[in-house]
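For reference, entry.txt (compact mmCIF, C-alpha atoms):
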# COMPACT_ATOMS: atom_id res chain seq x y z
CA MET A 1 -3.65 4.73 20.12
CA SER A 2 -1.78 7.23 17.97
CA ASP A 3 0.08 4.95 15.58
CA VAL A 4 -2.70 3.78 13.27
CA LYS A 5 -1.49 1.45 10.55
CA LYS A 6 -3.15 0.42 7.33
CA PHE A 7 -4.02 -3.28 7.38
CA LEU A 8 -5.22 -5.16 4.30
CA TYR A 9 -6.74 -8.63 4.56
CA VAL A 10 -6.43 -10.38 1.18
CA ASN A 11 -9.08 -13.02 0.43
CA ARG A 12 -8.36 -15.33 -2.51
CA LYS A 13 -10.19 -18.52 -1.53
CA ALA A 14 -13.79 -19.68 -1.99
CA PRO A 15 -15.81 -19.90 1.24
CA TYR A 16 -16.48 -23.53 2.27
CA GLY A 17 -13.90 -25.82 0.63
CA THR A 18 -11.18 -24.70 3.03
CA ILE A 19 -11.20 -22.90 6.38
CA TYR A 20 -9.27 -19.86 5.08
CA ALA A 21 -12.28 -17.64 4.39
CA LEU A 22 -13.86 -18.13 7.81
CA GLU A 23 -10.51 -17.71 9.56
CA SER A 24 -9.91 -14.47 7.68
CA LEU A 25 -13.22 -13.08 8.83
CA GLU A 26 -12.47 -14.11 12.42
CA VAL A 27 -9.10 -12.33 12.30
CA VAL A 28 -10.67 -9.23 10.78
CA LEU A 29 -13.19 -9.08 13.62
CA ILE A 30 -10.45 -9.55 16.22
CA GLY A 31 -8.27 -6.94 14.51
CA ALA A 32 -11.14 -4.46 14.39
CA ALA A 33 -10.89 -4.14 18.17
CA PHE A 34 -7.45 -2.51 17.80
CA GLU A 35 -8.77 0.56 15.95
CA GLN A 36 -6.51 0.27 12.94
CA ASP A 37 -7.30 1.36 9.37
CA VAL A 38 -8.64 -1.94 8.03
CA SER A 39 -9.49 -2.85 4.44
CA LEU A 40 -10.49 -6.16 2.88
CA ALA A 41 -9.58 -7.30 -0.63
CA PHE A 42 -11.53 -9.95 -2.54
CA LEU A 43 -9.91 -11.34 -5.67
CA ASP A 44 -9.60 -14.63 -7.55
CA ASP A 45 -11.90 -17.22 -5.89
CA GLY A 46 -12.23 -14.88 -2.90
CA VAL A 47 -15.06 -13.07 -4.71
CA PHE A 48 -17.21 -16.19 -4.17
CA GLN A 49 -17.27 -15.35 -0.45
CA LEU A 50 -19.59 -12.41 -1.10
CA THR A 51 -22.26 -14.03 -3.28
CA LYS A 52 -25.84 -13.60 -2.14
CA GLY A 53 -28.16 -16.49 -1.36
CA GLN A 54 -25.66 -18.77 0.37
CA ASN A 55 -27.42 -21.65 2.19
CA THR A 56 -25.23 -24.18 3.99
CA ASP A 57 -28.04 -26.21 5.61
CA GLY A 58 -27.11 -29.24 3.55
CA ILE A 59 -23.38 -29.35 4.30
CA GLY A 60 -23.28 -28.94 8.07
CA ILE A 61 -21.06 -25.86 8.01
CA LYS A 62 -21.99 -22.46 9.40
CA ASN A 63 -23.05 -19.94 6.76
CA PHE A 64 -20.84 -17.02 7.72
CA SER A 65 -21.76 -14.79 4.78
CA PRO A 66 -24.24 -12.66 6.85
CA THR A 67 -21.32 -11.69 9.09
CA PHE A 68 -19.90 -9.51 6.32
CA ARG A 69 -22.92 -7.24 6.78
CA ALA A 70 -21.91 -6.68 10.42
CA LEU A 71 -18.44 -5.38 9.57
CA GLY A 72 -19.70 -1.81 9.30
CA ASP A 73 -20.52 -1.85 13.02
CA PHE A 74 -16.82 -2.55 13.63
CA GLU A 75 -15.79 0.36 11.40
CA VAL A 76 -14.62 -2.01 8.70
CA THR A 77 -16.13 -0.22 5.72
CA LYS A 78 -13.75 -0.79 2.80
CA LEU A 79 -14.33 -4.06 0.93
CA TYR A 80 -12.43 -3.92 -2.36
CA VAL A 81 -13.75 -6.41 -4.92
CA GLU A 82 -11.84 -7.04 -8.14
CA LYS A 83 -14.07 -6.67 -11.21
CA ASP A 84 -11.78 -8.82 -13.38
CA SER A 85 -12.11 -11.72 -10.93
CA LEU A 86 -15.92 -11.42 -11.00
CA GLU A 87 -16.00 -11.39 -14.80
CA GLU A 88 -13.66 -14.38 -15.12
CA ARG A 89 -16.15 -16.33 -13.00
CA GLY A 90 -19.25 -15.18 -14.87
CA LEU A 91 -20.38 -13.02 -11.95
CA SER A 92 -21.61 -9.46 -11.91
CA PRO A 93 -21.81 -7.04 -8.97
CA ASP A 94 -25.55 -7.86 -8.76
CA ASP A 95 -24.62 -11.40 -7.71
CA LEU A 96 -23.02 -10.06 -4.52
CA GLN A 97 -24.89 -9.35 -1.32
CA GLU A 98 -25.50 -5.74 -0.39
CA ILE A 99 -23.17 -4.63 2.39
CA MET A 100 -23.81 -1.18 3.87
CA TYR A 101 -22.32 0.94 6.63
CA GLU A 102 -23.43 4.11 8.37
CA ASP A 103 -21.03 6.99 7.73
CA GLU A 104 -20.56 8.79 11.05
CA ASP A 105 -18.91 11.71 9.24
CA ASP A 106 -21.94 12.19 7.00
CA ASP A 107 -24.97 12.23 9.34
CA TRP A 108 -24.94 8.42 9.55
CA GLU A 109 -25.94 8.10 5.92
CA GLU A 110 -26.03 4.51 4.68
CA LYS A 111 -23.32 3.83 2.09
CA PRO A 112 -22.13 0.69 0.31
CA SER A 113 -19.00 -0.96 1.72
CA ILE A 114 -18.18 -2.83 -1.48
CA ARG A 115 -15.88 -0.90 -3.81
CA LEU A 116 -15.40 -2.42 -7.25
CA VAL A 117 -11.86 -2.02 -8.55
CA SER A 118 -9.90 -3.11 -11.60
CA ARG A 119 -6.89 -5.41 -11.29
CA ALA A 120 -4.56 -2.41 -11.63
CA GLU A 121 -6.49 -0.51 -8.94
CA MET A 122 -6.28 -3.57 -6.68
CA ALA A 123 -2.51 -3.53 -7.12
CA ASP A 124 -2.55 0.12 -6.04
CA VAL A 125 -4.61 -0.74 -2.95
CA MET A 126 -2.11 -3.45 -2.02
CA ALA A 127 0.88 -1.15 -2.51
CA ASP A 128 -0.72 1.47 -0.23
CA GLN A 129 -0.69 -0.69 2.94
CA ASP A 130 1.55 -0.98 5.97
CA VAL A 131 0.63 -4.60 6.62
CA VAL A 132 -0.82 -7.20 4.23
CA LEU A 133 -2.30 -10.43 5.62
CA SER A 134 -3.24 -13.17 3.15
CA PHE A 135 -5.87 -15.85 3.48
CA MET B 1 7.99 2.09 -1.59
CA SER B 2 8.04 -1.51 -2.71
CA THR B 3 6.71 -4.91 -1.77
CA LEU B 4 8.30 -8.33 -1.42
CA HIS B 5 5.86 -10.98 -2.62
CA THR B 6 6.34 -14.63 -1.71
CA VAL B 7 4.70 -17.49 -3.60
CA ASN B 8 4.71 -21.03 -2.20
CA LYS B 9 2.47 -22.90 -4.66
CA SER B 10 3.38 -24.59 -7.94
CA PRO B 11 2.06 -22.53 -10.87
CA PHE B 12 0.93 -25.82 -12.45
CA ALA B 13 -1.41 -26.53 -9.53
CA THR B 14 -2.86 -23.08 -8.76
CA GLN B 15 -3.17 -19.60 -10.28
CA THR B 16 -1.27 -18.09 -7.35
CA LEU B 17 1.93 -17.12 -9.18
CA MET B 18 -0.09 -15.74 -12.08
CA SER B 19 -2.25 -13.65 -9.76
CA CYS B 20 0.77 -12.43 -7.83
CA LEU B 21 2.64 -11.35 -10.96
CA ASN B 22 -0.48 -9.58 -12.24
CA HIS B 23 -0.76 -7.52 -9.04
CA CYS B 24 2.89 -6.49 -8.68
CA LYS B 25 4.02 -2.90 -9.11
CA ASP B 26 7.18 -2.04 -11.03
CA GLY B 27 10.17 -2.37 -8.72
CA ASP B 28 8.59 -5.03 -6.52
CA ALA B 29 10.35 -8.33 -5.77
CA VAL B 30 8.91 -11.83 -6.05
CA LEU B 31 10.47 -14.71 -4.11
CA MET B 32 9.46 -18.25 -5.05
CA ILE B 33 9.62 -20.60 -2.07
CA GLU B 34 8.60 -24.21 -1.32
CA ASP B 35 6.57 -25.57 -4.28
CA GLY B 36 6.61 -22.06 -5.70
CA VAL B 37 10.10 -22.71 -7.03
CA TYR B 38 8.64 -24.69 -9.93
CA GLY B 39 7.70 -21.28 -11.34
CA ALA B 40 11.38 -20.71 -12.09
CA LEU B 41 11.70 -23.61 -14.55
CA ALA B 42 13.16 -22.41 -17.85
CA ASN B 43 11.38 -24.75 -20.24
CA SER B 44 7.91 -24.75 -18.69
CA GLY B 45 4.69 -23.27 -20.01
CA MET B 46 5.06 -20.46 -17.46
CA ALA B 47 8.57 -19.45 -18.52
CA ASP B 48 7.66 -16.81 -21.10
CA PHE B 49 5.29 -15.08 -18.69
CA VAL B 50 7.80 -15.05 -15.84
CA ARG B 51 10.58 -13.90 -18.17
CA ALA B 52 8.44 -11.02 -19.46
CA LYS B 53 7.61 -9.93 -15.90
CA SER B 54 11.28 -9.97 -14.92
CA ALA B 55 11.77 -6.79 -16.96
CA SER B 56 10.00 -4.73 -14.29
CA LEU B 57 10.35 -7.02 -11.25
CA ALA B 58 13.21 -8.63 -9.35
CA ILE B 59 12.49 -12.35 -9.25
CA TYR B 60 14.20 -14.66 -6.77
CA VAL B 61 14.05 -18.33 -5.99
CA MET B 62 14.82 -20.06 -2.69
CA SER B 63 17.90 -22.17 -3.47
CA PRO B 64 17.45 -24.70 -0.65
CA ASP B 65 13.99 -25.42 -2.06
CA THR B 66 15.24 -25.88 -5.63
CA ALA B 67 18.06 -28.12 -4.35
CA ALA B 68 15.61 -30.18 -2.31
CA ARG B 69 13.53 -30.75 -5.43
CA GLY B 70 16.48 -31.62 -7.66
CA LEU B 71 16.08 -28.55 -9.86
CA ALA B 72 19.57 -27.86 -11.17
CA GLU B 73 20.57 -24.27 -11.81
CA ASP B 74 20.77 -24.85 -15.58
CA LYS B 75 17.09 -25.81 -15.59
CA LEU B 76 16.07 -22.45 -14.15
CA LEU B 77 15.37 -19.15 -15.86
CA GLY B 78 18.47 -16.98 -16.11
CA GLU B 79 16.33 -14.00 -15.08
CA VAL B 80 15.71 -15.56 -11.65
CA SER B 81 18.30 -15.13 -8.87
CA GLY B 82 18.89 -17.73 -6.17
CA VAL B 83 18.89 -16.73 -2.50
CA ASP B 84 19.47 -18.60 0.76
CA TYR B 85 17.65 -18.06 4.08
CA ALA B 86 19.85 -15.09 4.99
CA GLY B 87 19.06 -13.61 1.58
CA PHE B 88 15.35 -14.06 2.31
CA VAL B 89 15.80 -12.02 5.49
CA ASP B 90 17.68 -9.33 3.55
CA LEU B 91 14.81 -9.11 1.05
CA VAL B 92 12.25 -8.73 3.84
CA ALA B 93 14.33 -5.96 5.40
CA LYS B 94 14.85 -4.19 2.09
CA HIS B 95 11.16 -3.81 1.19
CA ASP B 96 8.41 -1.83 2.90
CA ARG B 97 6.06 -4.78 3.29
CA THR B 98 5.85 -8.49 2.60
CA GLN B 99 2.81 -10.07 0.99
CA SER B 100 2.52 -13.86 1.19
CA TRP B 101 0.46 -15.28 -1.65
CA LEU B 102 -1.10 -18.44 -0.23
What do you get writing this file as structure tokens?
Amino acid sequence: MSDVKKFLYVNRKAPYGTIYALESLEVVLIGAAFEQDVSLAFLDDGVFQLTKGQNTDGIGIKNFSPTFRALGDFEVTKLYVEKDSLEERGLSPDDLQEIMYEDEDDDWEEKPSIRLVSRAEMADVMADQDVVLSF
Amino acid sequence: MSTLHTVNKSPFATQTLMSCLNHCKDGDAVLMIEDGVYGALANSGMADFVRAKSASLAIYVMSPDTAARGLAEDKLLGEVSGVDYAGFVDLVAKHDRTQSWL
């Protein structure tokens, strides 16, 4: 496919109270099959999707947070996380799970997929896309 | 290059309008639809913020949605322009991308 477009999936909802977060991840995985330039954005309550130590045994809902660590295998390697949203919620980057990918252009070196950005930088990321899908 | 943002939630129920306005670039457009139209109220606690943002953004409100909710034109911010469904289509066509804030 020659016409590669830039797709951004915007995540603004916490993980288990509504189905949005899981549906977003499903769509990202489906979209990854089409070899487009995919990025994910996490802002507002969306940053809660990436916290480490999630355990859903007690609520009868699948814990889908480990799936984020598989995104690198689908060449989804850009997860933009808004620092301001973390701070507003009393979180720091250390509260997020480690998500790595292997860079095929750099001898398969392991690199972090999460990129911390300011609110202004997030606005730049959004303005740089061909298609923006919100969840 | 510019973006049309749509907001369909009341700013008194969620932070969606606030987040949208804080991520817009100069020259972008914001269209309030459905319950989002409450963000256009002139005497609300949101009014000053929306008015300030209107200096660098074009802000629109979906007139059928304001009419449905009984929001008369004189209750809305003067900085906000009303559009109908055809106007919505024109806005989509005029901008490079549309971002729906859910």
Query raised in the report: Which residues, written as a list in words, have at least one atom at most 9 Å from segment 122-131 of chain A, with all atoms listed in the file counted and residues fewer than 5 positions away on the same chain left out?
Result: Lys5, Lys6, Phe7, Leu8, Tyr9, Val10, Ala41, Leu43, Tyr80, Val81, Glu82 and Val117 of chain A; Met1, Ser2, Thr3, Asn22, His23, Cys24, Lys25, Asp96, Arg97, Thr98 and Gln99 of chain B
Report summary line: From atom CA of Ala40 of chain B to atom CA of Ser56 of chain B the spacing works out at 16.2 Å
**Report entry** Shell around Met18 of chain B at 9 Å using all atoms listed in the file, local window under 6 positions removed, as a ChimeraX atom specification
**Finding:** /B:11,46,49-50
Query raised in the report: For Ile114 of chain A, which residue out of A:Ser85, A:Thr77, A:Ser134, A:Thr51 is the nearest one, using all atoms listed in the file?
Result: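 Of A:Ser85, A:Thr77, A:Ser134, A:Thr51, the one nearest Ile114 of chain A, counting all atoms listed in the file, is A:Thr77.
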Query raised in the report: From the list A:Glu121, A:Asp107, A:Glu75, A:Asp95, which residue is nearest chain B when using all atoms listed in the file?
Result: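 Among A:Glu121, A:Asp107, A:Glu75, A:Asp95, it is A:Glu121 that comes nearest to chain B.
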